[in-house]
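Report on one structure; see the data block that follows.
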Amino acid sequence: MSRTAPKSKRTRSKPRRDASKEVSVPLPPPTPKRFYGHGIPGVDPASLAGKLIVVEGADGSGRSTQIARLVSWLEGEGHPIVQVGLKRSTLVSPELEQAKKGNILSRTTLSLFYATDFADQLENVILPALKAGFMVLADRYIYTLMARDLVRGMDLKWLKNLYGIALEPDAVFYLQVSPEILVQRNFMKNQALDYWESGMDLGLSRDMFESFKLYQARIIEKFQLLQKTYRFTIVNGDRSAEEINRELRARIGKILLRGKQD
Amino acid sequence: MNATFGEAGFPGRLIAVEGIDGSGKSTQVRLLRKWLERQGARVYLSEWNSSEIVKSATKRGKESNLLTPTTFSLIHATDFADRYERHLVPLLKAGYLVLCDRYVFTAFARDVVRGCPLSWVRKIYGFAHLPDLTFFFRTSLEVSLRRILDGRQKLKYFEAGMDLRLSNDIYESYRIFQGRLLEQYLAMSGEFGFRVIDANRPVEVQQSEVRKIVVDQFDLENYRMPGLSL
């Protein structure tokens, strides 16, 4: 390829890259995996070669932006990626969507419905991808589901048993954003607040703006409680997307190099 | 162990019927419902796997073979939770006699035979109170197999436990699967105080026994519509 007439600023400002140095893609070292509880019958965690990386955070925390950047970076580095998220299972996502619209399900039902959705993706997407050595980037995982259920009064012990099926990720990044900033980011994106992300089903306030702030503060509290058990990395999400991404890349870089974060 | 609805102070009572496929429990519970209604009791019958919203997902899962032991277990728990929270609990608070064609014991038996750990399954259903009375319709495997085969020509995939790869022959698989379920039921029969009904006998004979047990345990007066005399 001719480099004599650079078309973009980017190529002009950067020195010519030596492709020969970029040929080799390092294979992330394997690290032992485990399920939180009994896991999935018949699945040996030792057979899961890939890395599972989770990004958690409320709507408006910058989760999707960060994940998109991480995917593009990791693929650019030569690592195969599979993405998963909540409510994407073939098994129950249409019914979950319907249930959310009508607000007709009680808390235990909704909790189990989401757990079914999670289990379906765990067994049909996450575990097979990890077995094949792919990196799995999860846009939220069991912690969001647990935090939501805890805010609605579900029992922590019950939830821990339920999610004993889950695989412990290699890293979990929780983008913690203060409720005031979350509100502003949601307005910038949609000019509206989401019914569920405002916890309107809880009856905290009839004012959606107030309810959103109260609800998100409670979610943050529950994440901090869960952090004691599940030890995820809390990332300050009040900063700019660039700053956050730099931190995430540095942390994931360690996993690629050493197999784990620390 | 969880309390029963009566122990937990509910004015209503819950009667569950359990047994393997073809044990005749659905026939018995329908007859019981008719009779209780005729006695003037407020009765509600809830069937396993009948929640409006969850049913379509279960159906799709079964038809497209999407279900694993874990998701099979969880989707049935979701279905149960929906019925429990929206129908059973409110009706029991209102003083109904609630009849359940299968209750948590069905999940305890099936999910464990499919390979889910017993303690995991039991804890998931830990939010549910236990029935005030549980009938277990005990048949020999041969009798239940004959009843299923006489009624329908083909066995259903999951009913026969074909997902467990016990045998390529669906009849053989059914036999092994239902045999294992029977073992699970018998193993918990004492723990949960099942009233075992010999279901190899004629329907009428069983129904008489069922009615007698019900009137011995419950004063039907308590479940009539308040303010109405019959």
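Lettering and numbering for the structure tokens are positional, with chains as A, B, ... in the shown order, residues counted from 1 in each chain, and ligands counted from 1 in the shown order.
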Taking only C-alpha atoms into account, produce a table as a Markdown table in which each residue of chain B with an atom at most 9 Å from an atom of chain A appears once, together with its shortest atom pair and the distance in Å to one decimal, ordered by chain and rising number.
| residue | atom | partner | partner_atom | distance |
| --- | --- | --- | --- | --- |
| B:Ile53 | CA | A:Glu95 | CA | 6.5 |
| B:Val54 | CA | A:Glu95 | CA | 6.9 |
| B:Ser56 | CA | A:Glu95 | CA | 7.7 |
| B:Ala57 | CA | A:Val92 | CA | 5.5 |
| B:Thr58 | CA | A:Leu91 | CA | 7.9 |
| B:Arg60 | CA | A:Leu91 | CA | 7.2 |
| B:Gly61 | CA | A:Leu91 | CA | 5.9 |
| B:Leu66 | CA | A:Leu91 | CA | 6.8 |
| B:Leu67 | CA | A:Asp120 | CA | 8.0 |
| B:Thr68 | CA | A:Asp120 | CA | 8.1 |
| B:Pro69 | CA | A:Pro41 | CA | 8.0 |
| B:Thr70 | CA | A:Ala119 | CA | 7.1 |
| B:Thr71 | CA | A:Thr116 | CA | 5.7 |
| B:Phe72 | CA | A:Thr116 | CA | 8.6 |
| B:Ser73 | CA | A:Thr116 | CA | 8.7 |
| B:Leu74 | CA | A:Thr116 | CA | 5.4 |
| B:Ile75 | CA | A:Thr116 | CA | 6.0 |
| B:Ala77 | CA | A:Leu112 | CA | 6.9 |
| B:Thr78 | CA | A:Leu112 | CA | 5.1 |
| B:Asp79 | CA | A:Thr109 | CA | 7.4 |
| B:Phe80 | CA | A:Thr109 | CA | 8.1 |
| B:Ala81 | CA | A:Thr109 | CA | 5.0 |
| B:Asp82 | CA | A:Thr109 | CA | 5.2 |
| B:Arg83 | CA | A:Thr109 | CA | 8.8 |
| B:Tyr84 | CA | A:Thr109 | CA | 8.9 |
| B:Glu85 | CA | A:Ser106 | CA | 6.5 |
| B:Arg86 | CA | A:Ser106 | CA | 7.3 |
| B:Gly115 | CA | A:Pro41 | CA | 6.4 |
| B:Cys116 | CA | A:Pro41 | CA | 6.6 |
| B:Pro117 | CA | A:His38 | CA | 7.7 |
| B:Ser119 | CA | A:Asn161 | CA | 8.9 |
| B:Trp120 | CA | A:Asn161 | CA | 6.3 |
| B:Val121 | CA | A:Leu162 | CA | 8.6 |
| B:Lys123 | CA | A:Trp158 | CA | 6.7 |
| B:Ile124 | CA | A:Leu162 | CA | 6.3 |
| B:Gly126 | CA | A:Trp158 | CA | 7.9 |
| B:Phe127 | CA | A:Thr108 | CA | 8.4 |
Once you have the residues from the selection above, write them out as a tab-separated table (two decimals), in the first residue's frame, restricted to N, CA and C atoms.
chain	number	residue	atom	x	y	z
B	53	ILE	N	-48.26	-16.10	30.86
B	53	ILE	CA	-47.13	-15.45	30.19
B	53	ILE	C	-45.93	-16.38	30.01
B	54	VAL	N	-45.75	-17.31	30.93
B	54	VAL	CA	-44.55	-18.15	30.86
B	54	VAL	C	-44.75	-19.32	29.91
B	56	SER	N	-45.89	-19.78	26.93
B	56	SER	CA	-45.45	-19.75	25.54
B	56	SER	C	-43.94	-19.96	25.43
B	57	ALA	N	-43.20	-19.46	26.42
B	57	ALA	CA	-41.75	-19.67	26.40
B	57	ALA	C	-41.42	-21.15	26.63
B	58	THR	N	-42.12	-21.76	27.56
B	58	THR	CA	-41.89	-23.18	27.83
B	58	THR	C	-42.20	-24.01	26.60
B	60	ARG	N	-42.17	-23.04	23.44
B	60	ARG	CA	-41.13	-22.84	22.42
B	60	ARG	C	-39.88	-23.63	22.80
B	61	GLY	N	-39.52	-23.56	24.07
B	61	GLY	CA	-38.34	-24.27	24.54
B	61	GLY	C	-38.45	-25.76	24.30
B	66	LEU	N	-34.80	-26.41	23.13
B	66	LEU	CA	-33.85	-25.44	23.65
B	66	LEU	C	-33.53	-25.69	25.11
B	67	LEU	N	-34.30	-26.55	25.75
B	67	LEU	CA	-34.19	-26.66	27.21
B	67	LEU	C	-33.09	-27.61	27.65
B	68	THR	N	-32.32	-27.15	28.63
B	68	THR	CA	-31.33	-27.99	29.30
B	68	THR	C	-31.92	-28.31	30.68
B	69	PRO	N	-31.31	-29.20	31.46
B	69	PRO	CA	-31.85	-29.44	32.80
B	69	PRO	C	-31.98	-28.15	33.62
B	70	THR	N	-31.00	-27.26	33.51
B	70	THR	CA	-31.05	-26.02	34.30
B	70	THR	C	-32.17	-25.10	33.84
B	71	THR	N	-32.29	-24.88	32.52
B	71	THR	CA	-33.34	-23.96	32.06
B	71	THR	C	-34.72	-24.61	32.19
B	72	PHE	N	-34.78	-25.91	32.03
B	72	PHE	CA	-36.04	-26.63	32.25
B	72	PHE	C	-36.51	-26.36	33.68
B	73	SER	N	-35.59	-26.49	34.62
B	73	SER	CA	-35.91	-26.27	36.02
B	73	SER	C	-36.33	-24.82	36.26
B	74	LEU	N	-35.56	-23.88	35.75
B	74	LEU	CA	-35.83	-22.47	36.03
B	74	LEU	C	-37.13	-21.98	35.40
B	75	ILE	N	-37.43	-22.45	34.20
B	75	ILE	CA	-38.63	-21.94	33.55
B	75	ILE	C	-39.88	-22.49	34.23
B	77	ALA	N	-39.93	-23.14	37.44
B	77	ALA	CA	-39.98	-22.38	38.69
B	77	ALA	C	-40.61	-21.00	38.44
B	78	THR	N	-40.29	-20.41	37.28
B	78	THR	CA	-40.88	-19.11	36.93
B	78	THR	C	-42.39	-19.24	36.79
B	79	ASP	N	-42.80	-20.28	36.11
B	79	ASP	CA	-44.23	-20.54	35.91
B	79	ASP	C	-44.92	-20.70	37.27
B	80	PHE	N	-44.28	-21.47	38.13
B	80	PHE	CA	-44.85	-21.71	39.46
B	80	PHE	C	-44.94	-20.40	40.25
B	81	ALA	N	-43.86	-19.62	40.21
B	81	ALA	CA	-43.83	-18.36	40.97
B	81	ALA	C	-44.94	-17.43	40.51
B	82	ASP	N	-45.17	-17.38	39.22
B	82	ASP	CA	-46.23	-16.50	38.69
B	82	ASP	C	-47.59	-16.91	39.23
B	83	ARG	N	-47.86	-18.21	39.18
B	83	ARG	CA	-49.15	-18.69	39.69
B	83	ARG	C	-49.21	-18.49	41.20
B	84	TYR	N	-48.10	-18.74	41.86
B	84	TYR	CA	-48.06	-18.63	43.32
B	84	TYR	C	-48.34	-17.20	43.78
B	85	GLU	N	-47.66	-16.26	43.16
B	85	GLU	CA	-47.79	-14.88	43.62
B	85	GLU	C	-49.07	-14.21	43.17
B	86	ARG	N	-49.55	-14.59	41.99
B	86	ARG	CA	-50.72	-13.88	41.45
B	86	ARG	C	-52.05	-14.57	41.76
B	115	GLY	N	-30.65	-34.21	36.83
B	115	GLY	CA	-29.26	-33.93	37.19
B	115	GLY	C	-29.02	-32.63	37.94
B	116	CYS	N	-30.07	-31.88	38.28
B	116	CYS	CA	-29.87	-30.68	39.09
B	116	CYS	C	-29.72	-31.10	40.55
B	117	PRO	N	-28.84	-30.41	41.30
B	117	PRO	CA	-28.67	-30.78	42.71
B	117	PRO	C	-29.96	-30.54	43.50
B	119	SER	N	-30.47	-29.77	46.61
B	119	SER	CA	-30.53	-28.61	47.52
B	119	SER	C	-30.74	-27.32	46.72
B	120	TRP	N	-30.17	-27.24	45.53
B	120	TRP	CA	-30.36	-26.05	44.69
B	120	TRP	C	-31.84	-25.89	44.34
B	121	VAL	N	-32.45	-26.98	43.90
B	121	VAL	CA	-33.86	-26.93	43.49
B	121	VAL	C	-34.75	-26.59	44.68
B	123	LYS	N	-34.05	-25.02	47.41
B	123	LYS	CA	-33.90	-23.63	47.88
B	123	LYS	C	-34.60	-22.66	46.93
B	124	ILE	N	-34.59	-22.95	45.64
B	124	ILE	CA	-35.27	-22.06	44.70
B	124	ILE	C	-36.76	-21.98	45.04
B	126	GLY	N	-37.91	-22.30	47.86
B	126	GLY	CA	-37.99	-21.99	49.29
B	126	GLY	C	-38.97	-20.89	49.64
B	127	PHE	N	-39.42	-20.11	48.63
B	127	PHE	CA	-40.38	-19.03	48.91
B	127	PHE	C	-41.79	-19.56	49.11
Can you list, as a VMD selection string, every protein, DNA or RNA residue that comes within 8 Å of Gln83 (chain A) when you count only C-alpha atoms, leaving out same-chain residues fewer than 2 positions away? chain A and resid 81 85 136 to 139
What would the file look like if the residues just selected were written as a PDB file, in the first residue's frame with C-alpha atoms?
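Saved result, result23.pdb, follows:
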ATOM      1  CA  ILE A  81     -14.799 -11.873  20.924  1.00  0.00           C
ATOM      2  CA  GLY A  85     -26.108  -9.230  27.539  1.00  0.00           C
ATOM      3  CA  VAL A 136     -16.644 -13.222  26.197  1.00  0.00           C
ATOM      4  CA  LEU A 137     -17.630  -9.630  26.914  1.00  0.00           C
ATOM      5  CA  ALA A 138     -20.787  -9.492  28.948  1.00  0.00           C
ATOM      6  CA  ASP A 139     -22.901  -6.356  28.978  1.00  0.00           C
TER       7      ASP A 139
END
Distance CA of Ile126 (chain A)-CA of Glu242 (chain A), one decimal place? 28.0 Å
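With only C-alpha atoms taken into account, the protein and nucleic acid residues at most 9 Å from region 92-94 of chain B (excluding it and anything under 5 positions from it in its own chain) are B:Phe5, B:Gly9, B:Phe10, B:Pro11, B:Gly12, B:Arg13, B:Leu14, B:His87.
Taking only region 7-68 of chain B, the residues that DSSP calls strand (DSSP E) from the backbone come to Arg13, Leu14, Ile15, Ala16, Val17, Glu18, Val43, Tyr44, Leu45, Ser46 and Glu47 of chain B.
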Go ahead and dump the residues you just picked, C-alpha atoms, as a PDB file, in the first residue's frame.
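As written to disk, part.pdb reads:
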ATOM      1  CA  ARG B  13     -55.959 -24.285  52.644  1.00  0.00           C
ATOM      2  CA  LEU B  14     -53.958 -25.848  49.829  1.00  0.00           C
ATOM      3  CA  ILE B  15     -54.393 -29.426  48.678  1.00  0.00           C
ATOM      4  CA  ALA B  16     -51.853 -30.796  46.213  1.00  0.00           C
ATOM      5  CA  VAL B  17     -51.992 -33.943  44.127  1.00  0.00           C
ATOM      6  CA  GLU B  18     -48.805 -35.612  42.937  1.00  0.00           C
ATOM      7  CA  VAL B  43     -62.448 -23.732  45.215  1.00  0.00           C
ATOM      8  CA  TYR B  44     -59.685 -22.847  42.770  1.00  0.00           C
ATOM      9  CA  LEU B  45     -57.732 -25.372  40.722  1.00  0.00           C
ATOM     10  CA  SER B  46     -54.251 -24.508  39.492  1.00  0.00           C
ATOM     11  CA  GLU B  47     -52.385 -26.679  37.045  1.00  0.00           C
TER      12      GLU B  47
END
Near Arg211 (chain B), counting only C-alpha atoms, which residues have an atom at most 12 Å away, once you skip same-chain residues fewer than 4 positions from it, shown as a ChimeraX atom specification? /B:15,28-29,31-36,39,135,197,204-207,215-218,220
Produce a file of the selected residues containing C-alpha atoms, as a CSV table (one decimal), in the first residue's frame.
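Okay, this is what ended up in part.csv:
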chain,number,residue,atom,x,y,z
B,15,ILE,CA,-54.4,-29.4,48.7
B,28,GLN,CA,-59.1,-37.4,40.8
B,29,VAL,CA,-58.4,-33.7,41.5
B,31,LEU,CA,-63.6,-34.9,40.6
B,32,LEU,CA,-62.6,-33.5,44.0
B,33,ARG,CA,-63.1,-30.0,42.8
B,34,LYS,CA,-66.6,-30.8,41.5
B,35,TRP,CA,-67.6,-32.3,44.8
B,36,LEU,CA,-66.2,-29.5,46.9
B,39,GLN,CA,-70.5,-28.6,49.0
B,135,PHE,CA,-52.1,-36.8,48.0
B,197,ILE,CA,-53.4,-43.4,47.6
B,204,GLU,CA,-64.6,-44.3,42.2
B,205,VAL,CA,-62.9,-46.2,45.0
B,206,GLN,CA,-60.0,-43.8,45.1
B,207,GLN,CA,-62.3,-40.8,45.0
B,215,VAL,CA,-63.6,-34.0,55.2
B,216,ASP,CA,-61.7,-35.6,58.1
B,217,GLN,CA,-59.0,-32.9,57.9
B,218,PHE,CA,-61.0,-29.8,57.0
B,220,LEU,CA,-65.8,-27.4,54.8
Counting only C-alpha atoms, what is within 9 Å of Arg147 (chain B), bar same-chain residues fewer than 2 positions away, as a compact mmCIF listing (two decimals) with N, CA and C atoms, in the first residue's frame?
# COMPACT_ATOMS: atom_id res chain seq x y z
N ASP B 21 -46.81 -39.45 35.56
CA ASP B 21 -47.78 -39.33 34.47
C ASP B 21 -48.58 -40.62 34.38
N GLY B 22 -49.88 -40.47 34.21
CA GLY B 22 -50.71 -41.66 34.08
C GLY B 22 -51.13 -42.26 35.41
N SER B 23 -50.88 -41.54 36.50
CA SER B 23 -51.27 -42.08 37.81
C SER B 23 -52.75 -41.80 38.07
N GLY B 24 -53.36 -40.97 37.26
CA GLY B 24 -54.78 -40.67 37.43
C GLY B 24 -55.06 -39.50 38.36
N GLU B 142 -46.35 -50.19 35.11
CA GLU B 142 -47.10 -50.81 34.01
C GLU B 142 -48.47 -50.18 33.84
N VAL B 143 -49.14 -49.95 34.98
CA VAL B 143 -50.48 -49.36 34.93
C VAL B 143 -50.42 -47.95 34.36
N SER B 144 -49.47 -47.14 34.82
CA SER B 144 -49.40 -45.76 34.34
C SER B 144 -49.02 -45.71 32.87
N LEU B 145 -48.13 -46.59 32.46
CA LEU B 145 -47.73 -46.65 31.05
C LEU B 145 -48.93 -47.00 30.18
N LEU B 149 -50.61 -44.71 27.25
CA LEU B 149 -50.61 -45.22 25.87
C LEU B 149 -52.03 -45.43 25.34
N ASP B 150 -52.97 -45.78 26.23
CA ASP B 150 -54.35 -45.95 25.78
C ASP B 150 -54.96 -44.62 25.38
N GLY B 151 -54.61 -43.57 26.12
CA GLY B 151 -55.21 -42.26 25.87
C GLY B 151 -54.66 -41.58 24.64
N ARG B 152 -53.37 -41.62 24.50
CA ARG B 152 -52.74 -40.95 23.36
C ARG B 152 -51.89 -41.95 22.62
Polymer residues at most 12 Å from region 23-34 of chain A, only C-alpha atoms, same-chain spacing of 5 or more positions, as a ChimeraX atom specification: /A:17-18,39-40,43-52,74-80,127,130-131,133-135,164-171,252-261
From the set B:Val89, B:Val210, B:Leu182, B:Ala109, which residue has the shortest atom-to-atom contact distance to Leu130 (chain B), counting only C-alpha atoms? B:Val89
May I have the residues within 12 Å of Ile67 (chain A) as a PyMOL selection string, using only C-alpha atoms and disregarding those fewer than 4 positions away in the same chain? chain A and resi 53-57+61-63+71-75+81-85+136-140+173+175+241+244-245+248-249
Write the residues of the selection above to a file with C-alpha atoms, as a PDB file, in the first residue's frame.
ATOM      1  CA  ILE A  53     -15.044 -10.106  31.178  1.00  0.00           C
ATOM      2  CA  VAL A  54     -18.092  -8.351  32.585  1.00  0.00           C
ATOM      3  CA  VAL A  55     -19.018  -4.680  32.454  1.00  0.00           C
ATOM      4  CA  GLU A  56     -21.736  -3.666  34.907  1.00  0.00           C
ATOM      5  CA  GLY A  57     -23.456  -0.341  35.401  1.00  0.00           C
ATOM      6  CA  SER A  61     -23.227   4.728  32.916  1.00  0.00           C
ATOM      7  CA  GLY A  62     -21.436   4.525  29.591  1.00  0.00           C
ATOM      8  CA  ARG A  63     -21.486   0.735  29.548  1.00  0.00           C
ATOM      9  CA  VAL A  71     -14.512  -4.983  21.436  1.00  0.00           C
ATOM     10  CA  SER A  72     -12.916  -2.941  18.699  1.00  0.00           C
ATOM     11  CA  TRP A  73      -9.631  -2.714  20.618  1.00  0.00           C
ATOM     12  CA  LEU A  74      -9.508  -6.417  21.520  1.00  0.00           C
ATOM     13  CA  GLU A  75     -10.395  -7.556  18.013  1.00  0.00           C
ATOM     14  CA  ILE A  81     -14.799 -11.873  20.924  1.00  0.00           C
ATOM     15  CA  VAL A  82     -18.339 -12.961  21.693  1.00  0.00           C
ATOM     16  CA  GLN A  83     -20.774 -10.472  23.226  1.00  0.00           C
ATOM     17  CA  VAL A  84     -23.651 -11.297  25.538  1.00  0.00           C
ATOM     18  CA  GLY A  85     -26.108  -9.230  27.539  1.00  0.00           C
ATOM     19  CA  VAL A 136     -16.644 -13.222  26.197  1.00  0.00           C
ATOM     20  CA  LEU A 137     -17.630  -9.630  26.914  1.00  0.00           C
ATOM     21  CA  ALA A 138     -20.787  -9.492  28.948  1.00  0.00           C
ATOM     22  CA  ASP A 139     -22.901  -6.356  28.978  1.00  0.00           C
ATOM     23  CA  ARG A 140     -24.106  -6.893  32.581  1.00  0.00           C
ATOM     24  CA  PHE A 173     -15.902  -3.799  36.093  1.00  0.00           C
ATOM     25  CA  LEU A 175     -19.090   1.602  36.274  1.00  0.00           C
ATOM     26  CA  ALA A 241     -15.277   7.987  28.265  1.00  0.00           C
ATOM     27  CA  ILE A 244     -12.572   5.221  31.751  1.00  0.00           C
ATOM     28  CA  ASN A 245     -11.492   3.359  28.655  1.00  0.00           C
ATOM     29  CA  LEU A 248     -10.286  -0.599  31.510  1.00  0.00           C
ATOM     30  CA  ARG A 249      -7.674  -1.279  28.831  1.00  0.00           C
TER      31      ARG A 249
END
Among region 147-224 of chain B, which residues carry a DSSP assignment of alpha helix (DSSP H), reported as a PyMOL selection string? chain B and resi 147-151+170-189+203-217
How would the residues just picked look written out with N, CA and C atoms as a compact mmCIF listing (two decimals), in the first residue's frame?
# COMPACT_ATOMS: atom_id res chain seq x y z
N ARG B 147 -52.08 -46.51 30.86
CA ARG B 147 -53.04 -45.39 30.84
C ARG B 147 -52.62 -44.31 29.85
N ILE B 148 -51.33 -44.01 29.83
CA ILE B 148 -50.84 -42.97 28.91
C ILE B 148 -50.97 -43.45 27.47
N LEU B 149 -50.61 -44.71 27.25
CA LEU B 149 -50.61 -45.22 25.87
C LEU B 149 -52.03 -45.43 25.34
N ASP B 150 -52.97 -45.78 26.23
CA ASP B 150 -54.35 -45.95 25.78
C ASP B 150 -54.96 -44.62 25.38
N GLY B 151 -54.61 -43.57 26.12
CA GLY B 151 -55.21 -42.26 25.87
C GLY B 151 -54.66 -41.58 24.64
N ILE B 170 -38.33 -44.61 22.59
CA ILE B 170 -39.07 -43.67 23.44
C ILE B 170 -39.85 -44.40 24.54
N TYR B 171 -40.33 -45.60 24.26
CA TYR B 171 -41.08 -46.35 25.28
C TYR B 171 -40.17 -46.84 26.38
N GLU B 172 -38.98 -47.28 25.99
CA GLU B 172 -38.00 -47.73 26.96
C GLU B 172 -37.55 -46.54 27.82
N SER B 173 -37.31 -45.39 27.15
CA SER B 173 -36.89 -44.19 27.85
C SER B 173 -37.96 -43.76 28.86
N TYR B 174 -39.21 -43.79 28.42
CA TYR B 174 -40.34 -43.42 29.29
C TYR B 174 -40.34 -44.30 30.54
N ARG B 175 -40.19 -45.59 30.31
CA ARG B 175 -40.21 -46.56 31.40
C ARG B 175 -39.11 -46.24 32.43
N ILE B 176 -37.89 -46.01 31.93
CA ILE B 176 -36.77 -45.74 32.84
C ILE B 176 -36.98 -44.41 33.57
N PHE B 177 -37.39 -43.40 32.80
CA PHE B 177 -37.56 -42.05 33.36
C PHE B 177 -38.64 -42.02 34.43
N GLN B 178 -39.80 -42.57 34.10
CA GLN B 178 -40.90 -42.57 35.07
C GLN B 178 -40.55 -43.42 36.29
N GLY B 179 -39.77 -44.47 36.08
CA GLY B 179 -39.32 -45.29 37.20
C GLY B 179 -38.44 -44.49 38.16
N ARG B 180 -37.59 -43.65 37.58
CA ARG B 180 -36.72 -42.82 38.42
C ARG B 180 -37.52 -41.75 39.17
N LEU B 181 -38.54 -41.21 38.49
CA LEU B 181 -39.40 -40.22 39.15
C LEU B 181 -40.11 -40.86 40.34
N LEU B 182 -40.61 -42.06 40.11
CA LEU B 182 -41.31 -42.78 41.16
C LEU B 182 -40.40 -42.97 42.39
N GLU B 183 -39.14 -43.32 42.11
CA GLU B 183 -38.17 -43.46 43.20
C GLU B 183 -38.01 -42.16 44.00
N GLN B 184 -37.92 -41.04 43.26
CA GLN B 184 -37.76 -39.74 43.93
C GLN B 184 -38.98 -39.41 44.79
N TYR B 185 -40.17 -39.68 44.23
CA TYR B 185 -41.40 -39.41 44.98
C TYR B 185 -41.43 -40.24 46.26
N LEU B 186 -41.11 -41.51 46.13
CA LEU B 186 -41.18 -42.39 47.30
C LEU B 186 -40.16 -41.97 48.35
N ALA B 187 -39.00 -41.48 47.87
CA ALA B 187 -37.96 -41.07 48.81
C ALA B 187 -38.39 -39.86 49.65
N MET B 188 -39.25 -38.98 49.09
CA MET B 188 -39.64 -37.81 49.88
C MET B 188 -41.02 -37.95 50.51
N SER B 189 -41.66 -39.07 50.26
CA SER B 189 -43.03 -39.29 50.73
C SER B 189 -43.16 -39.11 52.25
N VAL B 203 -61.37 -45.68 39.73
CA VAL B 203 -61.46 -44.24 40.03
C VAL B 203 -62.40 -43.96 41.21
N GLU B 204 -63.59 -44.58 41.21
CA GLU B 204 -64.59 -44.30 42.24
C GLU B 204 -64.09 -44.67 43.64
N VAL B 205 -63.39 -45.80 43.70
CA VAL B 205 -62.88 -46.25 45.00
C VAL B 205 -61.87 -45.24 45.55
N GLN B 206 -61.01 -44.76 44.65
CA GLN B 206 -60.00 -43.78 45.07
C GLN B 206 -60.66 -42.47 45.49
N GLN B 207 -61.68 -42.05 44.70
CA GLN B 207 -62.34 -40.77 44.97
C GLN B 207 -63.00 -40.79 46.34
N SER B 208 -63.60 -41.91 46.70
CA SER B 208 -64.24 -42.01 48.01
C SER B 208 -63.21 -41.83 49.12
N GLU B 209 -62.06 -42.46 48.93
CA GLU B 209 -61.01 -42.34 49.94
C GLU B 209 -60.51 -40.90 50.05
N VAL B 210 -60.33 -40.26 48.89
CA VAL B 210 -59.85 -38.88 48.85
C VAL B 210 -60.83 -37.96 49.59
N ARG B 211 -62.11 -38.08 49.27
CA ARG B 211 -63.12 -37.24 49.91
C ARG B 211 -63.12 -37.42 51.42
N LYS B 212 -63.01 -38.67 51.83
CA LYS B 212 -63.05 -38.96 53.27
C LYS B 212 -61.88 -38.28 53.98
N ILE B 213 -60.69 -38.38 53.37
CA ILE B 213 -59.52 -37.75 53.99
C ILE B 213 -59.71 -36.24 54.08
N VAL B 214 -60.31 -35.66 53.02
CA VAL B 214 -60.51 -34.21 52.99
C VAL B 214 -61.49 -33.77 54.09
N VAL B 215 -62.63 -34.47 54.20
CA VAL B 215 -63.58 -34.03 55.25
C VAL B 215 -63.07 -34.31 56.65
N ASP B 216 -62.24 -35.34 56.78
CA ASP B 216 -61.67 -35.61 58.10
C ASP B 216 -60.71 -34.50 58.52
N GLN B 217 -60.01 -33.94 57.55
CA GLN B 217 -59.00 -32.93 57.90
C GLN B 217 -59.54 -31.51 57.93
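In this structure, CA of Phe136 (chain B) sits 25.6 Å away from CA of Asp163 (chain B).
Restricting the calculation to only C-alpha atoms, the smallest distance between Val177 (chain A) and any of A:Asp59, A:Asp238, A:Asp262, A:Glu243 is found for A:Asp238.
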How far is it from CA of Pro179 (chain A) to CA of Gly102 (chain A), in Å with one decimal? 26.2 Å
